[in-house]
>>> print(open('input25.txt').read())   # compact mmCIF, C-alpha atoms
# COMPACT_ATOMS: atom_id res chain seq x y z
CA MET C 7 18.27 6.84 -3.22
CA TYR C 8 18.40 4.73 -6.32
CA SER C 9 22.07 3.73 -6.27
CA ASP C 10 21.04 0.33 -4.94
CA LEU C 11 18.84 -0.17 -7.99
CA LEU C 12 21.97 -0.34 -10.14
CA HIS C 13 22.66 -3.73 -8.57
CA ILE C 14 19.45 -5.03 -10.11
CA THR C 15 20.98 -5.24 -13.54
CA THR C 16 23.45 -7.85 -12.30
CA LEU C 17 20.53 -10.03 -11.29
CA LEU C 18 18.44 -9.71 -14.40
CA HIS C 19 18.22 -12.62 -16.77
CA ILE C 20 15.56 -11.32 -19.09
CA LEU C 21 16.20 -14.04 -21.61
CA GLN C 22 14.99 -16.53 -19.01
CA VAL C 23 11.58 -14.93 -18.90
CA VAL C 24 8.95 -17.11 -20.48
CA ILE C 25 6.51 -14.98 -22.47
CA ALA C 26 3.26 -16.79 -23.06
CA SER C 27 2.01 -16.76 -26.64
CA ASP C 28 -1.48 -15.88 -25.38
CA ALA C 29 -1.29 -12.79 -23.17
CA THR C 30 -4.54 -13.68 -21.47
CA VAL C 31 -3.18 -16.98 -20.13
CA VAL C 32 -1.56 -16.66 -16.72
CA PRO C 33 0.05 -19.27 -14.47
CA ASN C 34 -1.86 -20.34 -11.38
CA ARG C 35 1.23 -20.67 -9.23
CA ILE C 36 4.61 -18.94 -9.12
CA ASN C 37 7.74 -19.48 -7.04
CA PHE C 38 9.55 -16.57 -5.42
CA ASP C 39 13.19 -16.02 -4.49
CA LEU C 40 14.85 -13.16 -2.64
CA HIS C 41 17.81 -11.52 -4.38
CA ASN C 42 20.51 -9.20 -3.09
CA GLN C 43 24.20 -8.91 -2.28
CA PHE C 44 23.58 -8.41 1.45
CA VAL C 45 24.77 -11.25 3.66
CA LEU C 46 23.88 -10.42 7.25
CA PRO C 47 23.66 -12.58 10.38
CA VAL C 48 20.24 -13.61 11.61
CA ALA C 49 19.35 -12.01 14.94
CA GLU C 50 19.40 -14.52 17.80
CA ASP C 51 16.13 -13.22 19.24
CA GLN C 52 14.33 -13.34 15.90
CA LEU C 53 10.88 -14.93 15.94
CA PRO C 54 10.30 -16.30 12.43
CA LEU C 55 6.88 -15.90 10.85
CA THR C 56 6.94 -19.48 9.62
CA ALA C 57 4.55 -21.05 7.17
CA ALA C 58 2.29 -23.95 8.04
CA TYR C 59 4.01 -26.51 5.83
CA PRO C 60 7.54 -28.02 5.98
CA THR C 61 10.20 -28.17 3.29
CA THR C 62 13.27 -30.35 2.93
CA PRO C 63 16.85 -29.00 2.83
CA SER C 64 17.22 -30.20 -0.77
CA GLU C 65 14.46 -27.92 -2.02
CA PRO C 66 15.42 -24.55 -3.55
CA PRO C 67 14.78 -21.37 -1.51
CA ALA C 68 11.40 -20.43 -2.95
CA ILE C 69 7.77 -20.04 -1.98
CA SER C 70 4.72 -20.68 -4.11
CA LEU C 71 1.95 -18.12 -4.38
CA LYS C 72 -1.31 -18.73 -6.21
CA THR C 73 -2.21 -16.38 -9.03
CA ARG C 74 -5.27 -15.61 -11.10
CA PRO C 75 -6.08 -13.52 -14.18
CA VAL C 76 -6.74 -9.86 -13.35
CA THR C 77 -8.17 -7.32 -15.78
CA VAL C 78 -6.39 -3.99 -15.47
CA TYR C 79 -6.79 -0.63 -17.20
CA ARG C 80 -3.58 1.23 -17.91
CA PRO C 81 -2.95 4.62 -19.48
CA LYS C 82 -1.58 4.17 -22.98
CA SER C 83 0.94 6.90 -22.21
CA LEU C 84 2.36 7.46 -18.73
CA ASP C 85 3.61 10.89 -19.81
CA ALA C 86 0.12 11.87 -20.97
CA HIS C 87 -1.31 10.54 -17.69
CA GLU C 88 1.06 12.68 -15.60
CA HIS C 89 0.47 15.71 -17.84
CA ALA C 90 -3.29 15.37 -17.35
CA ARG C 91 -2.86 15.00 -13.58
CA LEU C 92 -0.72 18.12 -13.26
CA ARG C 93 -2.97 20.12 -15.58
CA SER C 94 -5.95 19.24 -13.40
CA LEU C 95 -4.04 19.94 -10.20
CA LEU C 96 -2.45 23.24 -11.22
CA HIS C 97 -5.01 24.68 -13.60
CA ALA C 98 -8.28 22.87 -12.79
CA GLU C 99 -8.48 21.78 -16.44
CA THR C 100 -9.22 18.28 -17.64
CA GLU C 101 -7.98 16.40 -20.66
CA PRO C 102 -8.94 12.93 -21.90
CA ILE C 103 -6.88 9.85 -21.09
CA GLU C 104 -6.70 6.80 -23.35
CA TRP C 105 -6.95 3.57 -21.38
CA GLU C 106 -5.70 0.15 -22.43
CA GLN C 107 -7.38 -3.01 -21.12
CA LYS C 108 -5.09 -5.94 -20.32
CA VAL C 109 -5.31 -9.28 -18.56
CA VAL C 110 -2.32 -9.90 -16.30
CA SER C 111 -1.27 -12.41 -13.68
CA GLY C 112 -2.26 -11.09 -10.26
CA PRO C 113 -2.29 -12.52 -6.74
CA ASP C 114 -5.13 -14.89 -5.84
CA ILE C 115 -6.71 -12.82 -3.08
CA GLU C 116 -9.10 -15.65 -2.20
CA ASP C 117 -6.20 -17.89 -1.14
CA ARG C 118 -5.31 -17.73 2.55
CA HIS C 119 -1.68 -18.78 2.10
CA THR C 120 -1.04 -16.25 -0.68
CA LEU C 121 -2.36 -13.35 1.43
CA SER C 122 -0.31 -14.53 4.39
CA GLN C 123 2.87 -14.64 2.36
CA LEU C 124 2.26 -11.21 0.81
CA ALA C 125 1.71 -9.85 4.32
CA ARG C 126 5.07 -11.31 5.35
CA MET C 127 6.65 -9.43 2.47
CA THR C 128 5.17 -6.21 3.87
CA ALA C 129 6.52 -7.04 7.34
CA ASN C 130 10.01 -7.38 5.89
CA ALA C 131 9.79 -3.95 4.27
CA TYR C 132 10.53 -2.40 7.67
CA GLN C 133 14.04 -3.86 8.10
CA LEU C 134 17.08 -5.19 6.29
CA PRO C 135 17.58 -8.95 6.46
CA GLY C 136 19.31 -10.23 9.56
CA HIS C 137 18.12 -7.37 11.74
CA LYS C 138 15.87 -7.89 14.73
CA ASN C 139 12.57 -7.42 12.93
CA TRP C 140 13.43 -9.32 9.74
CA TYR C 141 11.36 -12.49 9.78
CA ASP C 142 11.60 -15.73 7.87
CA LEU C 143 8.76 -16.07 5.40
CA ASP C 144 8.93 -19.84 5.68
CA PRO C 145 11.67 -22.51 5.78
CA SER C 146 12.17 -22.42 2.01
CA TRP C 147 13.26 -18.76 1.98
CA ASP C 148 16.90 -17.68 2.31
CA VAL C 149 16.89 -15.23 5.23
CA ASN C 150 20.33 -13.88 4.25
CA THR C 151 19.22 -12.45 0.93
CA SER C 152 16.93 -9.59 0.00
CA PHE C 153 16.53 -6.83 -2.53
CA PRO C 154 16.23 -3.48 -0.73
CA PHE C 155 15.53 0.00 -2.04
CA GLY C 156 15.87 3.34 -0.29
CA TRP C 157 18.13 2.11 2.52
CA ASP C 158 21.23 4.00 1.38
CA ASN C 159 19.86 7.31 2.67
CA ASP C 160 18.39 7.43 6.18
CA GLN C 161 16.56 10.67 5.46
CA ASP C 162 14.76 9.49 2.31
CA GLY C 163 11.97 7.64 4.08
CA PHE C 164 10.57 5.78 1.07
CA ARG C 165 12.00 2.29 1.36
CA GLY C 166 11.21 -1.40 1.24
CA HIS C 167 12.18 -4.54 -0.69
CA VAL C 168 11.80 -6.13 -4.11
CA PHE C 169 10.95 -9.83 -4.41
CA THR C 170 11.22 -11.69 -7.71
CA SER C 171 10.03 -15.05 -8.96
CA ARG C 172 12.68 -17.54 -9.99
CA ASP C 173 11.84 -17.18 -13.68
CA ARG C 174 11.70 -13.36 -13.34
CA SER C 175 8.12 -13.41 -14.58
CA THR C 176 6.74 -11.66 -11.48
CA VAL C 177 8.13 -8.87 -9.30
CA VAL C 178 6.63 -7.79 -5.97
CA LEU C 179 7.46 -4.30 -4.70
CA SER C 180 6.93 -4.15 -0.93
CA ILE C 181 6.70 -0.62 0.55
CA LYS C 182 7.45 0.25 4.16
CA GLY C 183 4.79 1.88 6.31
CA THR C 184 5.15 4.34 9.17
CA THR C 185 8.02 3.95 11.60
CA LEU C 186 7.20 5.61 14.92
CA GLN C 187 10.79 6.07 16.04
CA GLY C 188 13.61 6.08 13.55
CA PRO C 189 15.36 8.10 10.82
CA THR C 190 12.29 8.07 8.55
CA SER C 191 9.73 8.94 11.23
CA LYS C 192 9.54 12.66 10.46
CA LYS C 193 8.78 12.15 6.77
CA ASP C 194 6.49 9.23 7.53
CA LYS C 195 4.38 11.46 9.78
CA LEU C 196 4.37 14.28 7.21
CA ASN C 197 3.02 11.92 4.54
CA ASP C 198 0.46 10.41 6.92
CA ASN C 199 -0.88 13.81 7.88
CA LEU C 200 -0.91 15.17 4.33
CA LEU C 201 -2.60 12.15 2.79
CA PHE C 202 -5.03 10.97 5.46
CA SER C 203 -6.12 14.01 7.46
CA CYS C 204 -9.24 15.94 6.57
CA CYS C 205 -7.40 19.25 6.47
CA CYS C 206 -3.69 19.74 7.17
CA ALA C 207 -3.76 17.58 10.32
CA ARG C 208 -5.87 20.19 12.09
CA VAL C 209 -7.81 17.98 14.51
CA ASP C 210 -9.43 20.76 16.52
CA PHE C 211 -8.66 24.16 18.03
CA SER C 212 -6.61 22.60 20.84
CA TRP C 213 -4.28 20.73 18.45
CA THR C 214 -0.77 21.37 19.79
CA PHE C 215 1.22 19.74 16.99
CA SER C 216 2.35 21.54 13.86
CA THR C 217 -0.07 21.39 10.95
CA VAL C 218 1.27 20.33 7.55
CA CYS C 219 -0.35 23.16 5.57
CA ASP C 220 -2.42 26.30 6.19
CA CYS C 221 -5.51 25.45 4.18
CA TYR C 222 -8.02 25.50 7.03
CA SER C 223 -10.22 28.18 8.53
CA TRP C 224 -11.72 27.46 11.92
CA SER C 225 -14.65 29.02 13.72
CA ALA C 226 -17.39 28.05 16.13
CA LEU C 227 -19.78 27.61 13.19
CA HIS C 228 -17.60 26.20 10.41
CA GLN C 229 -14.72 23.84 9.74
CA ARG C 230 -13.64 24.90 6.28
CA CYS C 231 -10.80 23.66 4.10
CA ASP C 232 -9.54 25.04 0.81
CA ASP C 233 -9.35 22.34 -1.89
CA THR C 234 -6.88 24.17 -4.14
CA CYS C 235 -4.54 24.83 -1.24
CA LEU C 236 -4.65 21.14 -0.25
CA SER C 237 -3.85 19.95 -3.75
CA LYS C 238 -0.86 22.27 -4.02
CA ALA C 239 0.43 20.98 -0.69
CA LEU C 240 0.65 17.51 -2.24
CA ILE C 241 3.16 18.63 -4.89
CA GLN C 242 5.99 18.66 -2.36
CA ASP C 243 9.11 16.71 -3.33
CA SER C 244 9.02 15.10 0.11
CA LEU C 245 5.72 13.40 -0.70
CA PHE C 246 6.30 9.67 -1.02
CA TYR C 247 3.86 9.35 -3.92
CA SER C 248 6.18 11.30 -6.22
CA THR C 249 9.16 9.21 -5.12
CA GLY C 250 7.17 6.02 -5.66
CA VAL C 251 6.23 7.00 -9.22
CA LYS C 252 9.93 7.30 -10.10
CA LEU C 253 10.74 3.97 -8.46
CA VAL C 254 7.94 2.07 -10.21
CA LYS C 255 9.10 3.49 -13.56
CA ASP C 256 12.61 2.21 -12.79
CA VAL C 257 11.30 -1.25 -11.90
CA ILE C 258 9.20 -1.37 -15.09
CA PHE C 259 12.31 -0.42 -17.09
CA LEU C 260 14.45 -3.07 -15.41
CA TYR C 261 11.80 -5.80 -15.63
CA PRO C 262 10.03 -4.98 -18.92
CA PHE C 263 8.44 -8.42 -19.35
CA ALA C 264 7.46 -9.11 -15.74
CA ASP C 265 4.12 -8.82 -13.97
CA ILE C 266 4.62 -6.27 -11.20
CA TRP C 267 2.64 -6.33 -7.96
CA LEU C 268 2.66 -3.77 -5.15
CA VAL C 269 2.14 -4.55 -1.47
CA GLY C 270 2.45 -2.60 1.76
CA HIS C 271 1.24 -2.19 5.31
CA SER C 272 -0.40 0.95 6.78
CA LEU C 273 1.06 4.02 5.00
CA GLY C 274 2.94 1.60 2.73
CA GLY C 275 -0.33 -0.07 1.78
CA SER C 276 -1.98 3.21 0.82
CA LEU C 277 1.06 4.16 -1.25
CA ALA C 278 0.92 0.74 -2.95
CA SER C 279 -2.73 1.41 -3.77
CA LEU C 280 -2.11 4.91 -5.14
CA LEU C 281 0.79 3.70 -7.28
CA GLY C 282 -1.12 0.62 -8.42
CA SER C 283 -4.01 2.87 -9.46
CA THR C 284 -1.61 5.15 -11.33
CA PHE C 285 0.11 2.40 -13.33
CA GLY C 286 -2.67 -0.19 -13.51
CA LEU C 287 -0.70 -2.70 -11.39
CA PRO C 288 -2.26 -5.20 -8.96
CA ALA C 289 -1.79 -4.05 -5.37
CA VAL C 290 -2.63 -5.56 -1.98
CA ALA C 291 -2.71 -3.19 1.01
CA PHE C 292 -2.81 -4.40 4.62
CA GLU C 293 -4.42 -2.31 7.39
CA ALA C 294 -4.09 0.86 5.30
CA PRO C 295 -5.80 4.21 5.96
CA GLY C 296 -8.44 5.24 3.44
CA GLU C 297 -6.68 6.66 0.36
CA ARG C 298 -9.68 7.52 -1.83
CA MET C 299 -9.62 11.17 -0.74
CA ALA C 300 -5.84 11.30 -1.27
CA ALA C 301 -6.33 10.05 -4.85
CA ASN C 302 -8.81 12.87 -5.45
CA ARG C 303 -6.47 15.48 -3.97
CA LEU C 304 -3.58 14.16 -6.05
CA HIS C 305 -5.91 14.53 -9.07
CA LEU C 306 -5.13 10.97 -10.18
CA PRO C 307 -6.82 10.22 -13.51
CA LEU C 308 -8.59 6.89 -12.98
CA PRO C 309 -10.34 4.64 -15.52
CA PRO C 310 -14.11 5.25 -15.78
CA PRO C 311 -16.53 2.91 -13.96
CA ILE C 312 -17.77 -0.15 -15.82
CA GLY C 313 -20.83 -2.34 -15.44
CA GLY C 314 -23.05 -1.52 -12.48
CA SER C 315 -20.26 -0.15 -10.31
CA SER C 316 -19.91 3.52 -9.46
CA ARG C 317 -16.22 3.17 -8.63
CA PRO C 318 -13.21 3.14 -11.00
CA PRO C 319 -12.01 -0.40 -11.88
CA VAL C 320 -8.58 -0.26 -10.23
CA PRO C 321 -6.79 -3.57 -9.39
CA ILE C 322 -6.53 -2.80 -5.67
CA THR C 323 -7.39 -5.07 -2.74
CA HIS C 324 -7.42 -3.81 0.82
CA VAL C 325 -7.11 -6.34 3.64
CA TYR C 326 -7.91 -5.33 7.21
CA HIS C 327 -9.81 -6.40 10.32
CA ASN C 328 -12.45 -4.44 12.19
CA ALA C 329 -10.57 -4.24 15.50
CA ASP C 330 -7.96 -1.96 13.89
CA PRO C 331 -9.15 1.66 14.09
CA ILE C 332 -6.78 3.04 11.44
CA PRO C 333 -8.26 1.58 8.21
CA GLN C 334 -11.73 2.41 9.53
CA GLY C 335 -10.89 6.06 10.18
CA ALA C 336 -11.75 5.52 13.84
CA CYS C 337 -8.49 6.65 15.45
CA THR C 338 -9.70 10.24 15.50
CA GLY C 339 -10.41 13.06 17.91
CA ILE C 340 -8.03 14.93 20.16
CA ALA C 341 -8.18 12.19 22.83
CA SER C 342 -7.36 9.33 20.44
CA PRO C 343 -3.95 7.62 20.65
CA CYS C 344 -3.23 8.69 17.06
CA ALA C 345 -3.83 12.36 17.84
CA GLN C 346 -1.84 12.09 21.05
CA GLY C 347 1.11 11.00 18.95
CA GLY C 348 0.64 13.82 16.43
CA TYR C 349 -1.09 11.76 13.72
CA ALA C 350 -4.35 12.85 12.10
CA LEU C 351 -5.46 9.60 10.41
CA GLU C 352 -9.06 10.54 9.67
CA THR C 353 -9.97 8.98 6.31
CA ARG C 354 -11.69 5.60 5.93
CA CYS C 355 -12.78 5.21 2.28
CA HIS C 356 -10.66 2.92 0.10
CA LEU C 357 -10.12 2.41 -3.60
CA GLY C 358 -10.75 -0.97 -5.20
CA LYS C 359 -12.24 -3.72 -3.04
CA SER C 360 -11.83 -4.53 0.64
CA ILE C 361 -11.50 -7.83 2.48
CA VAL C 362 -12.63 -7.19 6.04
CA TYR C 363 -12.04 -9.78 8.75
CA ASP C 364 -14.66 -9.58 11.52
CA THR C 365 -12.33 -10.16 14.46
CA VAL C 366 -14.67 -8.31 16.81
CA GLN C 367 -17.45 -10.86 16.36
CA LYS C 368 -15.44 -14.01 15.69
CA MET C 369 -12.58 -13.50 18.15
CA GLY C 370 -14.08 -11.10 20.67
CA TRP C 371 -11.48 -8.43 20.03
CA HIS C 372 -12.02 -4.82 21.06
CA VAL C 373 -11.00 -1.94 18.82
CA ASP C 374 -7.40 -1.32 19.81
CA LEU C 375 -4.56 0.50 18.04
CA ARG C 376 -2.18 -2.28 19.10
CA LYS C 377 -4.01 -4.61 16.70
CA HIS C 378 -2.64 -2.53 13.81
CA VAL C 379 0.81 -4.15 13.98
CA ILE C 380 1.46 -6.35 10.94
CA LYS C 381 2.87 -9.22 13.00
CA GLU C 382 -0.38 -9.36 14.98
CA VAL C 383 -2.38 -9.38 11.76
CA ILE C 384 -0.35 -12.21 10.25
CA LEU C 385 -0.17 -14.56 13.21
CA GLU C 386 -3.62 -13.95 14.72
CA VAL C 387 -5.76 -13.30 11.64
CA LEU C 388 -4.29 -14.34 8.31
CA ASP C 389 -2.76 -17.59 9.56
CA LEU C 390 -5.94 -18.63 11.36
CA GLN C 391 -7.13 -21.91 9.84
CA ASP C 392 -10.80 -21.42 10.75
CA GLY C 393 -13.34 -20.19 8.21
CA TRP C 394 -14.77 -16.66 8.23
CA PRO C 395 -18.59 -16.48 8.03
CA ASP C 396 -20.40 -13.96 5.85
CA GLU C 397 -23.81 -12.36 6.47
CA ASP C 398 -25.53 -15.40 4.95
CA GLY C 399 -23.78 -17.87 7.25
CA ASN C 400 -21.41 -19.21 4.57
CA GLU C 401 -17.81 -19.75 5.66
CA TRP C 402 -14.79 -18.74 3.58
CA ASP C 403 -11.04 -19.16 3.94
CA VAL C 404 -10.86 -15.44 3.14
CA PRO C 405 -13.79 -13.00 3.48
CA VAL C 406 -15.32 -11.87 0.19
CA ALA C 407 -13.78 -8.71 -1.29
CA ARG C 408 -16.35 -5.93 -1.73
CA GLU C 409 -16.38 -2.33 -2.92
CA GLU C 410 -16.97 0.34 -0.29
CA GLU C 411 -19.92 1.91 -2.10
CA ASP C 412 -21.55 4.15 0.50
CA CYS C 413 -18.50 5.67 2.12
CA VAL C 414 -17.99 9.35 2.92
CA ASP C 415 -14.84 10.94 4.33
CA CYS C 416 -14.61 14.02 6.54
CA PHE C 417 -18.34 14.81 6.56
CA LYS C 418 -17.90 17.44 9.29
CA TRP C 419 -15.73 19.60 7.03
CA GLU C 420 -16.75 21.98 4.27
CA PHE C 421 -14.48 21.96 1.20
CA GLY C 422 -14.26 24.65 -1.45
CA ASP C 423 -12.19 27.57 -2.81
CA TYR C 424 -12.43 29.62 0.36
CA LYS C 425 -9.02 31.26 0.11
CA LYS C 426 -9.77 32.36 -3.45
CA ASP C 427 -13.08 33.84 -2.32
CA LYS C 428 -11.36 35.63 0.55
CA ASP C 429 -8.59 37.01 -1.67
CA GLY C 430 -11.16 38.18 -4.20
>>> encode(input="input25.txt", output="structure tokens")
Amino acid sequence: MYSDLLHITTLLHILQVVIASDATVVPNRINFDLHNQFVLPVAEDQLPLTAAYPTTPSEPPAISLKTRPVTVYRPKSLDAHEHARLRSLLHAETEPIEWEQKVVSGPDIEDRHTLSQLARMTANAYQLPGHKNWYDLDPSWDVNTSFPFGWDNDQDGFRGHVFTSRDRSTVVLSIKGTTLQGPTSKKDKLNDNLLFSCCCARVDFSWTFSTVCDCYSWSALHQRCDDTCLSKALIQDSLFYSTGVKLVKDVIFLYPFADIWLVGHSLGGSLASLLGSTFGLPAVAFEAPGERMAANRLHLPLPPPIGGSSRPPVPITHVYHNADPIPQGACTGIASPCAQGGYALETRCHLGKSIVYDTVQKMGWHVDLRKHVIKEVILEVLDLQDGWPDEDGNEWDVPVAREEEDCVDCFKWEFGDYKKDKDG
């Protein structure tokens, strides 16, 4: 899978990286290029996702994103972090983690244009440049260049693109979400159902699709799920989280002085969030299923809450609108379109903070699975120039990001060590 990463070294110019003397000072704007050896024709029927402003042919192929200082908490030792996670997962034993507070350059999530451009990066994670669904980010980008990962093996599943700033100070890792029909579809569905179902993708007694584990016990009186069994199911090598950890470590090694951001759509967004929480890297997830329960089942050590918050201070921002049922955990039940396709996307609670666009009230949209598509989100929501009102009547370019404080997943299920009790 990682043979394509060897090409990265030919593109690195680490000596060009400007390291600020004060680590707490971050730039408020950065320019991005795409880098790769691929030179592919642009599809004739391509519909570019163009930006709202023009550029001249003499300008370099780059796009400016606004940044802002972000406080992150990172484990002082990644090896110790992984050791603590596996000890908790396998032996139900905890060990302390040392956290390091840093101020890094992160995306300005209050800027409409920055969110729109990051969303375009997530859209391009689904295809190689020049293919039908590869879209121009705006006229200043070079559509014939990209930096892919995971495309050398059709069966791998975990794939996307790497975007770098011209001075190599910032790297954006964009992770592909679920593909309904394609070579990665089987593994995509496995990861969806392992991470975002209440219990093994067992929707109800009439569920005709294969479950992804055997941790459930079903009766007329109880819906029970074994926690230990679920956690062990998430150790599989086919789980994208494990693959993503290795990839992020490679990117950190290849870009040791860069700020690294993670972005993704749907499944890709949740993976970006889980990896961002693991490494203390800023992440922006678009229309992603709730991953808070997945983080618990993966036994991710997270920094302790600070201030008046009850949630861990992870640098994660979720962006979604309320006509999409998937990030709200509303595409559920045996009659839902998700279940009809064999997907049990039942979780709704997110890590970090969430920016929720009220498209139901403002635009009159109905909850519809077709509104989940990233192109629809970009063109109809993120690129909309109107303001978005809050509960006090104030209008914002981007809705205010808030923690999901009172959120509960899978309240109809009972979780415990039921298999252990039965065996005993």
>>> residues_around(input="input25.txt", residues="Leu227 of chain C", least_positions_apart="5", cutoff="12 Å", atoms="only C-alpha atoms", output="MDAnalysis selection string")
chainID C and resid 418:420
>>> closest_residue(input="input25.txt", among="C:Ser111, C:Ser83, C:Gln367, C:Asn159", to="Thr190 of chain C", atoms="all atoms listed in the file")
C:Asn159
>>> residues_around(input="input25.txt", residues="Pro405 of chain C", least_positions_apart="6", cutoff="12 Å", atoms="only C-alpha atoms", output="list in words")
Ile115, Glu116, Asp117, Arg118, Leu121, Thr323, His324, Val325, Tyr326, His327, Lys359, Ser360, Ile361, Val362, Tyr363, Asp364, Thr365, Val387, Leu388, Asp392, Gly393, Trp394, Pro395, Asp396, Glu397 and Gly399 of chain C
>>> atom_distance(input="input25.txt", atom1="atom CA of Leu240 of chain C", atom2="atom CA of Trp267 of chain C")
24.6 Å
>>> atom_distance(input="input25.txt", atom1="atom CA of Ala239 of chain C", atom2="atom CA of Phe202 of chain C")
13.0 Å
>>> atom_distance(input="input25.txt", atom1="atom CA of Gly282 of chain C", atom2="atom CA of Leu179 of chain C")
10.6 Å
>>> closest_residue(input="input25.txt", among="C:Pro288, C:Thr184, C:Thr170, C:Cys344", to="Ala264 of chain C", atoms="only C-alpha atoms")
C:Thr170
>>> closest_residue(input="input25.txt", among="C:His378, C:Ala131, C:Trp140, C:Gly347", to="Gln187 of chain C", atoms="all atoms listed in the file")
C:Gly347
>>> closest_residue(input="input25.txt", among="C:Lys195, C:Lys368, C:Arg172, C:Lys182", to="Ala278 of chain C", atoms="all atoms listed in the file")
C:Lys182
>>> closest_atom_pairs(input="input25.txt", of="segment 380-399 of chain C", to="segment 292-315 of chain C", cutoff="12 Å", atoms="all atoms listed in the file", output="Markdown table")
| residue | atom | partner | partner_atom | distance |
| --- | --- | --- | --- | --- |
| C:Ile380 | CA | C:Phe292 | CA | 7.9 |
| C:Lys381 | CA | C:Phe292 | CA | 11.2 |
| C:Glu382 | CA | C:Glu293 | CA | 11.1 |
| C:Val383 | CA | C:Glu293 | CA | 8.6 |
| C:Ile384 | CA | C:Phe292 | CA | 9.9 |
| C:Val387 | CA | C:Phe292 | CA | 11.7 |
| C:Leu388 | CA | C:Phe292 | CA | 10.7 |
>>> residues_around(input="input25.txt", residues="Pro321 of chain C", least_positions_apart="6", cutoff="9 Å", atoms="only C-alpha atoms", output="list in words")
Val76, Thr77, Val78, Tyr79, Gly112, Ser279, Gly282, Ser283, Gly286, Leu287, Pro288, Ala289, Val290, Leu357, Gly358 and Lys359 of chain C
>>> closest_residue(input="input25.txt", among="C:Cys221, C:Cys235, C:Met369, C:Ala207", to="Ile340 of chain C", atoms="all atoms listed in the file")
C:Ala207
>>> residues_around(input="input25.txt", residues="Tyr222 of chain C", least_positions_apart="4", cutoff="10 Å", atoms="all atoms listed in the file", output="list of chain:residue names")
C:Cys204, C:Cys205, C:Cys206, C:Ala207, C:Arg208, C:Thr217, C:Gln229, C:Arg230, C:Cys231, C:Asp232, C:Asp233, C:Cys235, C:Leu236, C:Trp419, C:Glu420, C:Phe421, C:Tyr424, C:Lys425
>>> closest_residue(input="input25.txt", among="C:Arg376, C:Arg80, C:His119, C:His167", to="Leu281 of chain C", atoms="all atoms listed in the file")
C:Arg80
